[in-house]
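A.B. asks: protein.txt is the file, holding compact mmCIF, C-alpha atoms:
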# COMPACT_ATOMS: atom_id res chain seq x y z
CA ALA A 1 17.83 -58.22 149.26
CA THR A 2 17.02 -59.47 152.73
CA PHE A 3 19.05 -61.93 154.77
CA ASP A 4 16.95 -63.63 157.48
CA VAL A 5 18.66 -64.47 160.77
CA SER A 6 17.47 -66.19 163.96
CA MET A 7 19.41 -66.62 167.17
CA ARG A 8 18.82 -68.03 170.65
CA LEU A 9 20.66 -66.64 173.67
CA GLN A 10 20.80 -69.03 176.60
CA ASN A 11 21.63 -68.54 180.28
CA THR A 12 23.17 -71.92 181.07
CA GLY A 13 25.70 -71.09 183.79
CA ALA A 14 24.32 -68.43 186.10
CA GLY A 15 21.90 -69.20 188.92
CA HIS A 16 20.31 -65.78 188.40
CA HIS A 17 18.99 -63.53 185.64
CA PHE A 18 21.56 -62.14 183.18
CA PRO A 19 22.42 -59.39 183.75
CA THR A 20 21.83 -59.26 187.48
CA GLY A 21 22.47 -56.66 190.14
CA SER A 22 21.49 -53.03 189.77
CA PRO A 23 18.42 -52.41 187.60
CA PHE A 24 20.58 -49.88 185.75
CA LYS A 25 22.92 -52.63 184.53
CA ARG A 26 22.23 -53.53 180.91
CA TYR A 27 24.04 -55.35 178.15
CA ARG A 28 23.67 -54.83 174.41
CA VAL A 29 23.89 -57.80 172.05
CA THR A 30 24.94 -56.74 168.55
CA ALA A 31 24.86 -58.77 165.34
CA GLU A 32 26.78 -57.44 162.34
CA LEU A 33 26.95 -58.72 158.77
CA LEU A 34 30.52 -58.07 157.61
CA GLY A 35 31.78 -58.56 154.07
CA ASN A 36 35.12 -59.57 152.55
CA GLU A 37 37.08 -56.63 153.89
CA GLY A 38 35.40 -56.54 157.29
CA LEU A 39 33.10 -53.72 156.18
CA PRO A 40 29.40 -53.77 157.12
CA LEU A 41 27.01 -55.01 154.43
CA SER A 42 23.95 -53.88 156.39
CA GLU A 43 22.89 -51.94 159.47
CA PRO A 44 23.69 -53.88 162.66
CA TYR A 45 20.95 -55.49 164.73
CA THR A 46 20.92 -54.76 168.48
CA HIS A 47 18.97 -56.15 171.41
CA ASP A 48 19.30 -54.90 174.99
CA LEU A 49 19.16 -57.23 177.96
CA ALA A 50 17.82 -55.04 180.76
CA ARG A 51 15.18 -54.44 183.39
CA GLU A 52 13.21 -51.19 183.35
CA ILE A 53 11.75 -50.01 186.66
CA GLU A 54 9.48 -47.19 187.81
CA GLU A 55 11.19 -43.89 188.62
CA ALA A 56 9.83 -43.76 192.18
CA PRO A 57 9.14 -46.20 195.01
CA PRO A 58 8.05 -48.93 195.13
CA TRP A 59 10.06 -49.29 191.86
CA HIS A 60 7.89 -51.90 190.18
CA THR A 61 9.36 -53.59 187.13
CA LEU A 62 7.92 -52.10 183.91
CA SER A 63 9.67 -54.47 181.49
CA ASP A 64 12.30 -57.18 181.71
CA SER A 65 14.30 -58.50 178.75
CA ARG A 66 16.96 -60.24 180.85
CA ILE A 67 17.53 -63.98 180.47
CA PRO A 68 16.33 -66.00 183.50
CA PRO A 69 18.46 -68.82 184.94
CA GLY A 70 18.22 -71.84 182.64
CA GLY A 71 16.18 -69.74 180.19
CA GLU A 72 16.66 -68.38 176.72
CA VAL A 73 15.52 -65.58 174.48
CA ALA A 74 14.79 -66.11 170.77
CA LEU A 75 15.59 -63.26 168.39
CA SER A 76 14.80 -62.92 164.66
CA TRP A 77 15.57 -60.10 162.27
CA GLN A 78 16.54 -59.33 158.69
CA PHE A 79 19.71 -57.76 157.39
CA LEU A 80 18.90 -55.60 154.37
CA VAL A 81 21.72 -55.92 151.82
CA ASP A 82 21.95 -53.61 148.80
CA GLN A 83 21.13 -55.62 145.66
CA ARG A 84 24.18 -54.12 143.95
CA THR A 85 26.45 -55.90 146.45
CA SER A 86 28.47 -58.62 144.74
CA ALA A 87 28.26 -62.23 145.94
CA GLN A 88 30.87 -62.83 148.61
CA ASP A 89 31.85 -64.73 151.71
CA ALA A 90 30.89 -62.84 154.84
CA ILE A 91 30.54 -63.34 158.57
CA ILE A 92 27.84 -62.64 161.09
CA ARG A 93 29.63 -61.35 164.19
CA ILE A 94 27.72 -61.60 167.48
CA SER A 95 29.07 -59.52 170.37
CA VAL A 96 27.93 -58.31 173.78
CA GLN A 97 28.90 -55.12 175.60
CA PRO A 98 27.85 -53.45 178.84
CA VAL A 99 25.86 -50.30 178.00
CA GLY A 100 27.19 -47.02 179.40
CA THR A 101 30.78 -48.16 179.83
CA ASN A 102 33.96 -47.87 177.79
CA GLU A 103 34.43 -51.64 177.94
CA ALA A 104 35.21 -53.21 174.57
CA PRO A 105 32.63 -55.61 173.14
CA THR A 106 33.19 -59.32 173.75
CA ILE A 107 32.85 -61.33 170.55
CA LEU A 108 30.65 -64.34 171.27
CA GLN A 109 30.68 -65.93 167.84
CA GLU A 110 31.62 -65.37 164.19
CA ILE A 111 29.53 -67.37 161.75
CA PRO A 112 30.69 -67.70 158.12
CA VAL A 113 27.93 -67.14 155.54
CA ARG A 114 27.68 -66.65 151.79
CA VAL A 115 25.89 -63.50 150.64
CA LEU A 116 24.46 -63.86 147.13
Please express the file's structure as structure tokens.
C.D. replies:
Amino acid sequence: ATFDVSMRLQNTGAGHHFPTGSPFKRYRVTAELLGNEGLPLSEPYTHDLAREIEEAPPWHTLSDSRIPPGGEVALSWQFLVDQRTSAQDAIIRISVQPVGTNEAPTILQEIPVRVL
């Protein structure tokens, strides 16, 4: 069975794009659907916030998925849950983590849901 999810990420406090600084700085937003015992009920969804640039000067921007100041990004996806999974209370855990570091993820939100 599928479980549809939509989320908006907003940049409400920074006066610059998030993330900012080096074009090699990127953050990964992860959404997980976790069941009763904290075990995953589906593959996680990930979205990178980053700027990709050319490999040589003048280093033009090839793509940019960062969030501009005062802006937002809308994300939609589906968690695919095995139909044999019993109905249960679950949570959608949203976290963010710098890519390429050993820094632990920061949990942004845990949303209770009922998986049927």
A.B. asks: Residues within 10 Å of A:Val96, please, as a PDB file with C-alpha atoms, in the frame of the given file. Count all atoms listed in the file; anything in the same chain fewer than 5 positions from it doesn't count.
C.D. replies:
ATOM      1  CA  TYR A  27      24.040 -55.350 178.150  1.00  0.00           C
ATOM      2  CA  ARG A  28      23.670 -54.830 174.410  1.00  0.00           C
ATOM      3  CA  VAL A  29      23.890 -57.800 172.050  1.00  0.00           C
ATOM      4  CA  THR A  30      24.940 -56.740 168.550  1.00  0.00           C
ATOM      5  CA  ALA A  31      24.860 -58.770 165.340  1.00  0.00           C
ATOM      6  CA  THR A  46      20.920 -54.760 168.480  1.00  0.00           C
ATOM      7  CA  HIS A  47      18.970 -56.150 171.410  1.00  0.00           C
ATOM      8  CA  ASP A  48      19.300 -54.900 174.990  1.00  0.00           C
ATOM      9  CA  LEU A  49      19.160 -57.230 177.960  1.00  0.00           C
ATOM     10  CA  ALA A 104      35.210 -53.210 174.570  1.00  0.00           C
ATOM     11  CA  PRO A 105      32.630 -55.610 173.140  1.00  0.00           C
ATOM     12  CA  THR A 106      33.190 -59.320 173.750  1.00  0.00           C
ATOM     13  CA  ILE A 107      32.850 -61.330 170.550  1.00  0.00           C
ATOM     14  CA  LEU A 108      30.650 -64.340 171.270  1.00  0.00           C
TER      15      LEU A 108
END
A.B. asks: Of the candidates A:Leu39, A:Val81, A:Ala50, A:Ile67, which one gets nearest to A:Asp4 if we count all atoms listed in the file?
C.D. replies: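 Closest candidate: A:Val81.
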A.B. asks: What does the structure give for the distance between atom CA of A:Ser63 and atom CA of A:Leu9, in Å to one decimal?
C.D. replies: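 Separation of atom CA of A:Ser63 and atom CA of A:Leu9: 18.2 Å.
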A.B. asks: With all atoms listed in the file as the basis for distance, which of A:Asn102, A:Thr12, A:Ser6, A:Ser22 is at the shortest distance from A:Glu72?
C.D. replies: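 Going through A:Asn102, A:Thr12, A:Ser6, A:Ser22 one by one, the smallest distance to A:Glu72 is for A:Thr12.
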A.B. asks: Would you place a box with edges along x, y and z of the file around all atoms of stretch 36-51 of chain A listed there, add 4 Å to each of its six sides, and report the centre and edge lengths in Å to one decimal, as JSON?
C.D. replies:
{"center_x": 26.1, "center_y": -55.8, "center_z": 168.0, "size_x": 29.9, "size_y": 15.6, "size_z": 38.8}
A.B. asks: State, in Å with one decimal place, the distance from atom CA of A:Leu80 to atom CA of A:Pro112.
C.D. replies: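 Separating atom CA of A:Leu80 from atom CA of A:Pro112 is a distance of 17.3 Å.
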A.B. asks: Of the candidates A:Gln78, A:Gly15, A:Arg84, A:Gly35, which shows the shortest atom-to-atom distance to A:Ile111, using only C-alpha atoms?
C.D. replies: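 Among the listed residues, the smallest separation from A:Ile111 belongs to A:Gly35.
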A.B. asks: How many Å separate atom CA of A:Gln83 from atom CA of A:Ser42?
C.D. replies: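 Answer for the atom CA of A:Gln83 to atom CA of A:Ser42 separation: 11.2 Å.
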A.B. asks: Measuring atom to atom with all atoms listed in the file, identify which of A:Pro40, A:Glu55, A:Pro98, A:Phe18 is nearest to A:Thr85.
C.D. replies: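 Under the stated criterion, the closest residue is A:Pro40.
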A.B. asks: Using all atoms listed in the file, can you tell me which of A:Gln88, A:Thr20, A:Thr2, A:Asn36 comes closest to A:Arg114?
C.D. replies: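 Using all atoms listed in the file, A:Arg114 sits closest to A:Gln88.
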A.B. asks: With distances taken over all atoms listed in the file, which of A:Pro23, A:Asp82, A:Ala87, A:Tyr45 is nearest to A:Thr61?
C.D. replies: A:Pro23
A.B. asks: Which residues come within 10 Å of A:Val113, counting all atoms listed in the file, excluding same-chain residues fewer than 2 positions away, as a PDB file with C-alpha atoms, in the coordinates of the input?
C.D. replies:
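Done, and the output landed in out_26.pdb:
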ATOM      1  CA  LEU A  33      26.950 -58.720 158.770  1.00  0.00           C
ATOM      2  CA  LEU A  34      30.520 -58.070 157.610  1.00  0.00           C
ATOM      3  CA  GLY A  35      31.780 -58.560 154.070  1.00  0.00           C
ATOM      4  CA  GLN A  88      30.870 -62.830 148.610  1.00  0.00           C
ATOM      5  CA  ASP A  89      31.850 -64.730 151.710  1.00  0.00           C
ATOM      6  CA  ALA A  90      30.890 -62.840 154.840  1.00  0.00           C
ATOM      7  CA  ILE A  91      30.540 -63.340 158.570  1.00  0.00           C
ATOM      8  CA  ILE A  92      27.840 -62.640 161.090  1.00  0.00           C
ATOM      9  CA  GLU A 110      31.620 -65.370 164.190  1.00  0.00           C
ATOM     10  CA  ILE A 111      29.530 -67.370 161.750  1.00  0.00           C
ATOM     11  CA  VAL A 115      25.890 -63.500 150.640  1.00  0.00           C
ATOM     12  CA  LEU A 116      24.460 -63.860 147.130  1.00  0.00           C
TER      13      LEU A 116
END
A.B. asks: Because the input lacks atoms here, generate N, CA and C atoms for stretch 18-51 of chain A and report them as a CSV table (one decimal), keeping the file's coordinate frame.
C.D. replies:
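The file below, rebuild_2.csv, is the result:
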chain,number,residue,atom,x,y,z
A,18,PHE,N,20.4,-62.8,183.8
A,18,PHE,CA,21.6,-62.1,183.2
A,18,PHE,C,21.0,-61.0,182.4
A,19,PRO,N,21.5,-59.7,182.7
A,19,PRO,CA,22.4,-59.4,183.8
A,19,PRO,C,21.7,-59.3,185.1
A,20,THR,N,22.4,-59.4,186.2
A,20,THR,CA,21.8,-59.3,187.5
A,20,THR,C,22.4,-58.1,188.2
A,21,GLY,N,22.0,-57.8,189.4
A,21,GLY,CA,22.5,-56.7,190.1
A,21,GLY,C,21.6,-55.4,190.0
A,22,SER,N,22.2,-54.3,189.9
A,22,SER,CA,21.5,-53.0,189.8
A,22,SER,C,20.5,-53.0,188.6
A,23,PRO,N,19.3,-52.5,188.7
A,23,PRO,CA,18.4,-52.4,187.6
A,23,PRO,C,18.9,-51.5,186.5
A,24,PHE,N,20.0,-50.8,186.8
A,24,PHE,CA,20.6,-49.9,185.8
A,24,PHE,C,21.6,-50.6,184.9
A,25,LYS,N,21.9,-51.8,185.3
A,25,LYS,CA,22.9,-52.6,184.5
A,25,LYS,C,22.2,-53.2,183.3
A,26,ARG,N,22.8,-53.0,182.2
A,26,ARG,CA,22.2,-53.5,180.9
A,26,ARG,C,23.4,-53.9,180.0
A,27,TYR,N,23.1,-54.9,179.2
A,27,TYR,CA,24.0,-55.4,178.2
A,27,TYR,C,23.4,-55.3,176.8
A,28,ARG,N,24.2,-54.9,175.8
A,28,ARG,CA,23.7,-54.8,174.4
A,28,ARG,C,24.3,-56.0,173.6
A,29,VAL,N,23.4,-56.8,173.0
A,29,VAL,CA,23.9,-57.8,172.0
A,29,VAL,C,23.8,-57.2,170.7
A,30,THR,N,24.9,-57.3,169.9
A,30,THR,CA,24.9,-56.7,168.6
A,30,THR,C,25.3,-57.8,167.6
A,31,ALA,N,24.6,-57.9,166.4
A,31,ALA,CA,24.9,-58.8,165.3
A,31,ALA,C,25.2,-57.9,164.1
A,32,GLU,N,26.3,-58.2,163.5
A,32,GLU,CA,26.8,-57.4,162.3
A,32,GLU,C,27.0,-58.4,161.2
A,33,LEU,N,26.7,-58.0,160.0
A,33,LEU,CA,27.0,-58.7,158.8
A,33,LEU,C,28.1,-58.0,158.1
A,34,LEU,N,29.3,-58.7,158.1
A,34,LEU,CA,30.5,-58.1,157.6
A,34,LEU,C,31.0,-58.8,156.4
A,35,GLY,N,31.3,-58.0,155.3
A,35,GLY,CA,31.8,-58.6,154.1
A,35,GLY,C,33.3,-58.9,154.0
A,36,ASN,N,33.7,-59.1,152.8
A,36,ASN,CA,35.1,-59.6,152.6
A,36,ASN,C,36.2,-58.8,153.3
A,37,GLU,N,36.0,-57.5,153.3
A,37,GLU,CA,37.1,-56.6,153.9
A,37,GLU,C,36.7,-56.2,155.3
A,38,GLY,N,35.8,-56.9,155.9
A,38,GLY,CA,35.4,-56.5,157.3
A,38,GLY,C,34.5,-55.3,157.4
A,39,LEU,N,34.0,-54.9,156.2
A,39,LEU,CA,33.1,-53.7,156.2
A,39,LEU,C,31.7,-54.2,156.3
A,40,PRO,N,30.8,-53.4,157.0
A,40,PRO,CA,29.4,-53.8,157.1
A,40,PRO,C,28.7,-53.8,155.8
A,41,LEU,N,27.8,-54.9,155.6
A,41,LEU,CA,27.0,-55.0,154.4
A,41,LEU,C,25.6,-54.6,154.7
A,42,SER,N,25.3,-54.3,156.0
A,42,SER,CA,24.0,-53.9,156.4
A,42,SER,C,24.0,-53.2,157.7
A,43,GLU,N,22.9,-52.5,158.1
A,43,GLU,CA,22.9,-51.9,159.5
A,43,GLU,C,23.0,-53.0,160.5
A,44,PRO,N,23.6,-52.8,161.6
A,44,PRO,CA,23.7,-53.9,162.7
A,44,PRO,C,22.3,-54.0,163.3
A,45,TYR,N,22.1,-55.2,163.9
A,45,TYR,CA,21.0,-55.5,164.7
A,45,TYR,C,21.4,-55.4,166.2
A,46,THR,N,20.6,-54.8,167.1
A,46,THR,CA,20.9,-54.8,168.5
A,46,THR,C,19.7,-55.2,169.3
A,47,HIS,N,20.0,-55.8,170.4
A,47,HIS,CA,19.0,-56.2,171.4
A,47,HIS,C,19.5,-55.9,172.8
A,48,ASP,N,18.8,-55.2,173.6
A,48,ASP,CA,19.3,-54.9,175.0
A,48,ASP,C,18.7,-55.9,176.0
A,49,LEU,N,19.6,-56.4,176.8
A,49,LEU,CA,19.2,-57.2,178.0
A,49,LEU,C,19.1,-56.3,179.2
A,50,ALA,N,17.9,-56.0,179.7
A,50,ALA,CA,17.8,-55.0,180.8
A,50,ALA,C,16.5,-55.2,181.5
A,51,ARG,N,16.4,-54.5,182.6
A,51,ARG,CA,15.2,-54.4,183.4
A,51,ARG,C,14.9,-53.0,183.6
